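Student: Here it is: the structure, laid out below.
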Amino acid sequence: MKTALVLSCLLFLAPAEDSQKPLQYLRIGDGSSQEFEFPQNTRGVIVISSRYGGPGARRGRESLKQTLRVSSLEPDVISILNVSDGGAASSYVISIRSGGPGTAPLLLQLMDLARGPEPLLIEERRDYSIRVAPGGDDPQGHILGLSHFSESPVLFALLPLIFINKCAFGCKLEVEVLRGLLRSPGPLLLGVLGQFLIMPLYAYGLSRLAALPKPLALGLVITCSAPGGGGGYLYSLLLGGDVTLAISMTLVSTVVAAAAMPLSSALYGWLLGVHAALHVPFLKILGTLLFIAIPLSLGVLVKLRLPAVSSVLLALIRPCSLALMVGGIFMAYQMGSSILAQVRVPVVAAGVTVPVFGLLAGLGLGRLAGLPLAQGKTVGIEVGVQNSLLALAVMQLSFQRAEADYASQAPFIVALSSTSEMLLLVLAHAARRRLCLTAA
């Protein structure tokens, strides 16, 4: 249950004693502190009293005709709801609402309305701020928010299925197609172009268009700067794409991400005005490569040495893939429920468009390059499906837990949207194939 907090401050307005310094009328409290703490996700008020005009202030604000303007320079952290008359002479009540953790400088402007047709600015100060502290701990001692993936029992149930499924995809690899990609790497280069240039630029433009707060905008950009997800070749299989190309694109984009993600994070972090040091999880990128490459290589060996086992794995690949899609959606909802409970509509609207735009952009690149339909589909799928786990890792490594959970809304929404939308495409594709077979 949210509580209200009253932060009472006396705003003394008296000229500074040092004649060498510019006059400073504004002072909160005794002047010893310029930062005040406020709880996260709380409504409250700041009570401000003024003494501008010395003894004449006893005449009240009507005769002085003064007013105080207050605004927050970081409205995502602290928003000013209104400034009202406090009831006493020269006092004001500023209603505020805190958002995510951080520090919000305040802009205080004391205006004199009696010295002409236009208000006269007496003094302006920006050196006072309110720091919003993260929320408290839950009874188990974990900070409320994102649960770690290692804490999900669903993940342990899915791990054997994931390993078997990747081995099955190893059995699907075509050596001749791999050789062809080495001779003509055009589709691979299109995937890198779409994933690391087009998608981050789209996310940045979309975040500015939707006026997303800085942490959410950064989370969206980092998500769209991530390499292709492991589900890309799964969707390529189910939607009639080129599986060998999909696997190759996933591996190549994961390698490129080791250099592309830091560059993208630095560039768009600077454009968004986010000055936090972002940590790219190189170990997780390496782990992703090994987790893809090892079972795929094992699948290739099974195909060469144990054809009977390979036939069984290939028969299991479609039901396993569908089960992993449903399990992934369930796990994401379970782990991000506390974050998604507070998600904003603009973030949802932005996140839902990411997979659609990526799919269309990849298809467009494939058509411009004259790729066959199967390869064009694969490029679209690989560009539209990001490895949101890496984006979540960047958020969790770069910020305090509460700030990281807030910024992680975007990766969660993109992950859920891509899985849900691709599942709908798979079902529509299967229904269309069935209708075509029936008509034939």
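Identifiers in the structure tokens: chain A, B, ... in order shown; residue index from 1 per chain; ligand index from 1 in order shown.
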Per residue of region 203-262 of chain A within 9 Å of region 320-325 of chain A, what are the shortest atom pair and its distance in Å to one decimal, counting only C-alpha atoms, with rows by chain and residue number, as a tab-separated table?
Tutor:
residue	atom	partner	partner_atom	distance
A:Gly231	CA	A:Met325	CA	8.2
A:Leu234	CA	A:Ser321	CA	6.4
A:Tyr235	CA	A:Ser321	CA	8.5
A:Leu238	CA	A:Ser321	CA	8.5
Student: Residues of region 349-417 of chain A within 9 Å of region 189-192 of chain A: nearest atom pair and distance (Å, one decimal) for each, counting only C-alpha atoms, sorted by chain and number, as a Markdown table?
Tutor:
| residue | atom | partner | partner_atom | distance |
| --- | --- | --- | --- | --- |
| A:Gly362 | CA | A:Gly191 | CA | 7.4 |
| A:Leu365 | CA | A:Leu190 | CA | 6.8 |
| A:Gly366 | CA | A:Leu190 | CA | 7.6 |
| A:Ala369 | CA | A:Leu190 | CA | 8.6 |
| A:Val379 | CA | A:Gly191 | CA | 5.8 |
| A:Gly380 | CA | A:Gly191 | CA | 8.2 |
| A:Glu382 | CA | A:Gly191 | CA | 6.8 |
| A:Val383 | CA | A:Gly191 | CA | 6.1 |
Student: List the spatial neighbours of region 119-134 of chain A as a list in words - criterion: any atom at most 6 Å away, only C-alpha atoms, same-chain residues fewer than 2 positions off excluded.
Tutor: Gln34, Glu35, Phe36, Glu37, Phe38, Pro39, Gln40, Pro101, Gly102, Thr103, Ala104, Pro105, Leu106, Leu107, Leu108, Gln109, Leu110, Met111, Asp112, Leu113 and Ala402 of chain A
Student: Would you list, as an MDAnalysis selection string, the residues of region 178-408 of chain A that end up in alpha helix (DSSP H) under DSSP run on this structure's backbone?
Tutor: chainID A and resid 178:183 186:193 199:209 214:224 232:238 243:272 282:305 307:335 337:340 345:368 373:384 388:398 401:407
Student: Can you work out which one of A:Thr67, A:Thr42, A:Ser84, A:Ser398 has the shortest atom-to-atom distance to Val274 (chain A), counting only C-alpha atoms?
Tutor: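 Distance minimum relative to Val274 (chain A) lands on A:Ser398.
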Student: Quick one: everything within 12 Å of Leu316 (chain A), counting only C-alpha atoms, minus sequence neighbours fewer than 5 positions away in the same chain. Send it as number ranges by chain.
Tutor: A: 161-162, 164-169, 171, 309-311, 321-323
Student: Compile the contact shell of Gly351 (chain A) as a list in words: residues with an atom at most 9 Å away, counting only C-alpha atoms, same-chain residues fewer than 2 positions apart removed.
Tutor: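 Residues meeting the cut-off are Leu220, Pro346, Val347, Val348, Ala349, Thr353, Val354, Pro355, Ala410, Pro411, Phe412, Ile413, Val414, Ala415, Leu416, Ser417 and Ser418 of chain A.
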Student: For each of A:Ile78, A:Gly194, A:Gln396, A:Gly376, take the minimum atom-to-atom distance to Gly241 (chain A), counting only C-alpha atoms, then give the residue where this is smallest.
Tutor: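 For Gly241 (chain A), the nearest of the candidates is A:Gly376.
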Student: Nearest to Val255 (chain A): which of A:Leu427, A:Ile46, A:Ala404, A:Ala226 is it, counting only C-alpha atoms?
Tutor: A:Ala226
Student: What is the CA of Leu159 (chain A)-CA of Val221 (chain A) distance in Å, reported with one decimal?
Tutor: 28.7 Å
Student: From the list A:Thr378, A:Gln66, A:Ser388, A:Ser236, which residue is nearest Gly364 (chain A) when using only C-alpha atoms?
Tutor: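 Closest to Gly364 (chain A) of all the choices is A:Thr378.
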Student: Applying 12 Å and only C-alpha atoms, which residues near Lys284 (chain A) remain after dropping the ones on its own chain fewer than 3 positions away? List them as a list in words.
Tutor: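 Residues meeting the cut-off are Thr254, Val255, Ala257, Ala258, His279, Val280, Pro281, Gly287, Thr288, Leu289, Leu290, Phe291, Asn387, Leu389, Leu390, Ala391, Leu392, Ala393, Val394 and Leu397 of chain A.
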Student: Would you save the residues from that selection as a short mmCIF file (atom, residue, chain, number, x, y, z; two decimals), in the first residue's frame, using all heavy atoms?
Tutor:
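Output (out_5.cif):
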data_model
loop_
_atom_site.label_atom_id
_atom_site.label_comp_id
_atom_site.auth_asym_id
_atom_site.auth_seq_id
_atom_site.Cartn_x
_atom_site.Cartn_y
_atom_site.Cartn_z
N THR A 254 25.97 -13.43 -32.82
CA THR A 254 26.41 -13.51 -31.43
C THR A 254 27.88 -13.13 -31.32
O THR A 254 28.29 -12.45 -30.36
CB THR A 254 26.19 -14.92 -30.87
OG1 THR A 254 24.80 -15.28 -31.03
CG2 THR A 254 26.55 -14.99 -29.40
N VAL A 255 28.70 -13.54 -32.29
CA VAL A 255 30.11 -13.15 -32.30
C VAL A 255 30.24 -11.63 -32.52
O VAL A 255 30.99 -10.94 -31.82
CB VAL A 255 30.88 -13.92 -33.39
CG1 VAL A 255 32.30 -13.38 -33.52
CG2 VAL A 255 30.92 -15.41 -33.05
N ALA A 257 28.16 -9.38 -31.82
CA ALA A 257 27.60 -8.64 -30.68
C ALA A 257 28.65 -8.27 -29.66
O ALA A 257 28.51 -7.27 -28.94
CB ALA A 257 26.50 -9.47 -30.01
N ALA A 258 29.74 -9.04 -29.57
CA ALA A 258 30.80 -8.73 -28.60
C ALA A 258 31.39 -7.36 -28.86
O ALA A 258 31.85 -6.69 -27.94
CB ALA A 258 31.88 -9.80 -28.65
N HIS A 279 27.66 -2.32 -18.81
CA HIS A 279 28.53 -3.49 -18.80
C HIS A 279 27.97 -4.55 -19.74
O HIS A 279 26.88 -5.07 -19.52
CB HIS A 279 28.65 -4.06 -17.38
CG HIS A 279 29.18 -3.06 -16.39
ND1 HIS A 279 30.51 -2.78 -16.25
CD2 HIS A 279 28.53 -2.26 -15.51
CE1 HIS A 279 30.68 -1.87 -15.32
NE2 HIS A 279 29.49 -1.54 -14.85
N VAL A 280 28.70 -4.83 -20.79
CA VAL A 280 28.28 -5.86 -21.74
C VAL A 280 28.72 -7.22 -21.21
O VAL A 280 29.90 -7.40 -20.88
CB VAL A 280 28.88 -5.59 -23.13
CG1 VAL A 280 28.53 -6.73 -24.10
CG2 VAL A 280 28.40 -4.26 -23.67
N PRO A 281 27.81 -8.17 -21.10
CA PRO A 281 28.15 -9.48 -20.51
C PRO A 281 28.90 -10.39 -21.47
O PRO A 281 28.32 -11.28 -22.10
CB PRO A 281 26.76 -10.05 -20.16
CG PRO A 281 25.85 -9.46 -21.18
CD PRO A 281 26.40 -8.09 -21.49
N GLY A 287 29.07 -17.86 -23.33
CA GLY A 287 28.24 -18.98 -22.91
C GLY A 287 27.14 -19.28 -23.90
O GLY A 287 26.82 -20.45 -24.16
N THR A 288 26.56 -18.21 -24.49
CA THR A 288 25.53 -18.42 -25.51
C THR A 288 26.11 -19.15 -26.72
O THR A 288 25.48 -20.06 -27.28
CB THR A 288 24.95 -17.06 -25.95
OG1 THR A 288 24.38 -16.40 -24.83
CG2 THR A 288 23.88 -17.24 -27.02
N LEU A 289 27.30 -18.73 -27.14
CA LEU A 289 27.95 -19.40 -28.28
C LEU A 289 28.17 -20.89 -28.00
O LEU A 289 27.88 -21.74 -28.84
CB LEU A 289 29.28 -18.72 -28.59
CG LEU A 289 29.22 -17.42 -29.39
CD1 LEU A 289 30.60 -16.77 -29.43
CD2 LEU A 289 28.72 -17.67 -30.79
N LEU A 290 28.71 -21.18 -26.81
CA LEU A 290 28.98 -22.58 -26.47
C LEU A 290 27.69 -23.38 -26.35
O LEU A 290 27.63 -24.54 -26.78
CB LEU A 290 29.77 -22.65 -25.17
CG LEU A 290 31.20 -22.08 -25.21
CD1 LEU A 290 31.82 -22.12 -23.83
CD2 LEU A 290 32.05 -22.84 -26.22
N PHE A 291 26.65 -22.75 -25.78
CA PHE A 291 25.38 -23.45 -25.59
C PHE A 291 24.70 -23.76 -26.91
O PHE A 291 23.90 -24.69 -27.02
CB PHE A 291 24.46 -22.62 -24.70
CG PHE A 291 23.24 -23.36 -24.22
CD1 PHE A 291 23.35 -24.51 -23.46
CD2 PHE A 291 21.97 -22.91 -24.56
CE1 PHE A 291 22.23 -25.20 -23.03
CE2 PHE A 291 20.85 -23.60 -24.13
CZ PHE A 291 20.98 -24.74 -23.36
N ASN A 387 17.94 -11.63 -28.87
CA ASN A 387 18.30 -12.38 -27.66
C ASN A 387 18.07 -11.45 -26.47
O ASN A 387 18.99 -10.78 -25.99
CB ASN A 387 19.75 -12.83 -27.73
CG ASN A 387 20.10 -13.79 -26.61
OD1 ASN A 387 19.44 -13.83 -25.58
ND2 ASN A 387 21.15 -14.57 -26.80
N LEU A 389 17.65 -12.09 -23.44
CA LEU A 389 18.38 -12.46 -22.22
C LEU A 389 19.66 -11.65 -22.08
O LEU A 389 20.03 -11.25 -20.97
CB LEU A 389 18.71 -13.95 -22.24
CG LEU A 389 17.53 -14.92 -22.10
CD1 LEU A 389 18.03 -16.35 -22.13
CD2 LEU A 389 16.75 -14.65 -20.83
N LEU A 390 20.34 -11.39 -23.19
CA LEU A 390 21.56 -10.58 -23.13
C LEU A 390 21.23 -9.14 -22.75
O LEU A 390 21.97 -8.50 -22.00
CB LEU A 390 22.29 -10.63 -24.46
CG LEU A 390 23.00 -11.93 -24.81
CD1 LEU A 390 23.69 -11.82 -26.16
CD2 LEU A 390 24.01 -12.31 -23.73
N ALA A 391 20.13 -8.61 -23.29
CA ALA A 391 19.73 -7.25 -22.92
C ALA A 391 19.38 -7.16 -21.43
O ALA A 391 19.74 -6.19 -20.75
CB ALA A 391 18.53 -6.82 -23.77
N LEU A 392 18.70 -8.19 -20.92
CA LEU A 392 18.40 -8.22 -19.49
C LEU A 392 19.68 -8.27 -18.67
O LEU A 392 19.79 -7.61 -17.62
CB LEU A 392 17.53 -9.44 -19.17
CG LEU A 392 16.06 -9.36 -19.59
CD1 LEU A 392 15.41 -10.72 -19.44
CD2 LEU A 392 15.32 -8.33 -18.75
N ALA A 393 20.67 -9.02 -19.13
CA ALA A 393 21.93 -9.11 -18.42
C ALA A 393 22.62 -7.76 -18.38
O ALA A 393 23.20 -7.37 -17.35
CB ALA A 393 22.83 -10.16 -19.07
N VAL A 394 22.58 -7.01 -19.48
CA VAL A 394 23.18 -5.67 -19.50
C VAL A 394 22.50 -4.78 -18.47
O VAL A 394 23.17 -4.05 -17.71
CB VAL A 394 23.06 -5.05 -20.91
CG1 VAL A 394 23.51 -3.59 -20.89
CG2 VAL A 394 23.90 -5.82 -21.91
N LEU A 397 23.48 -5.87 -14.84
CA LEU A 397 24.87 -5.62 -14.50
C LEU A 397 25.20 -4.14 -14.40
O LEU A 397 26.19 -3.77 -13.76
CB LEU A 397 25.79 -6.28 -15.53
CG LEU A 397 25.84 -7.81 -15.55
CD1 LEU A 397 26.64 -8.29 -16.75
CD2 LEU A 397 26.45 -8.35 -14.26
#
Student: Of the candidates A:Val177, A:Leu368, A:Leu245, A:Leu251, which one gets nearest to Leu286 (chain A) if we count only C-alpha atoms?
Tutor: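 Comparing A:Val177, A:Leu368, A:Leu245, A:Leu251 against Leu286 (chain A), the winner is A:Leu251.
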Student: Excluding Gly273 (chain A) and its own-chain neighbours fewer than 4 positions away, which residues fall within 9 Å of it when counting only C-alpha atoms? Please give them as a list in words.
Tutor: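 Selected residues are Lys214, Tyr268 and Gly269 of chain A.
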Student: A:Ala246, A:Ala211, A:Ala361, A:Met395: which is nearest Thr223 (chain A), counting only C-alpha atoms?
Tutor: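 Looking only at the distances to Thr223 (chain A), the closest residue turns out to be A:Met395.
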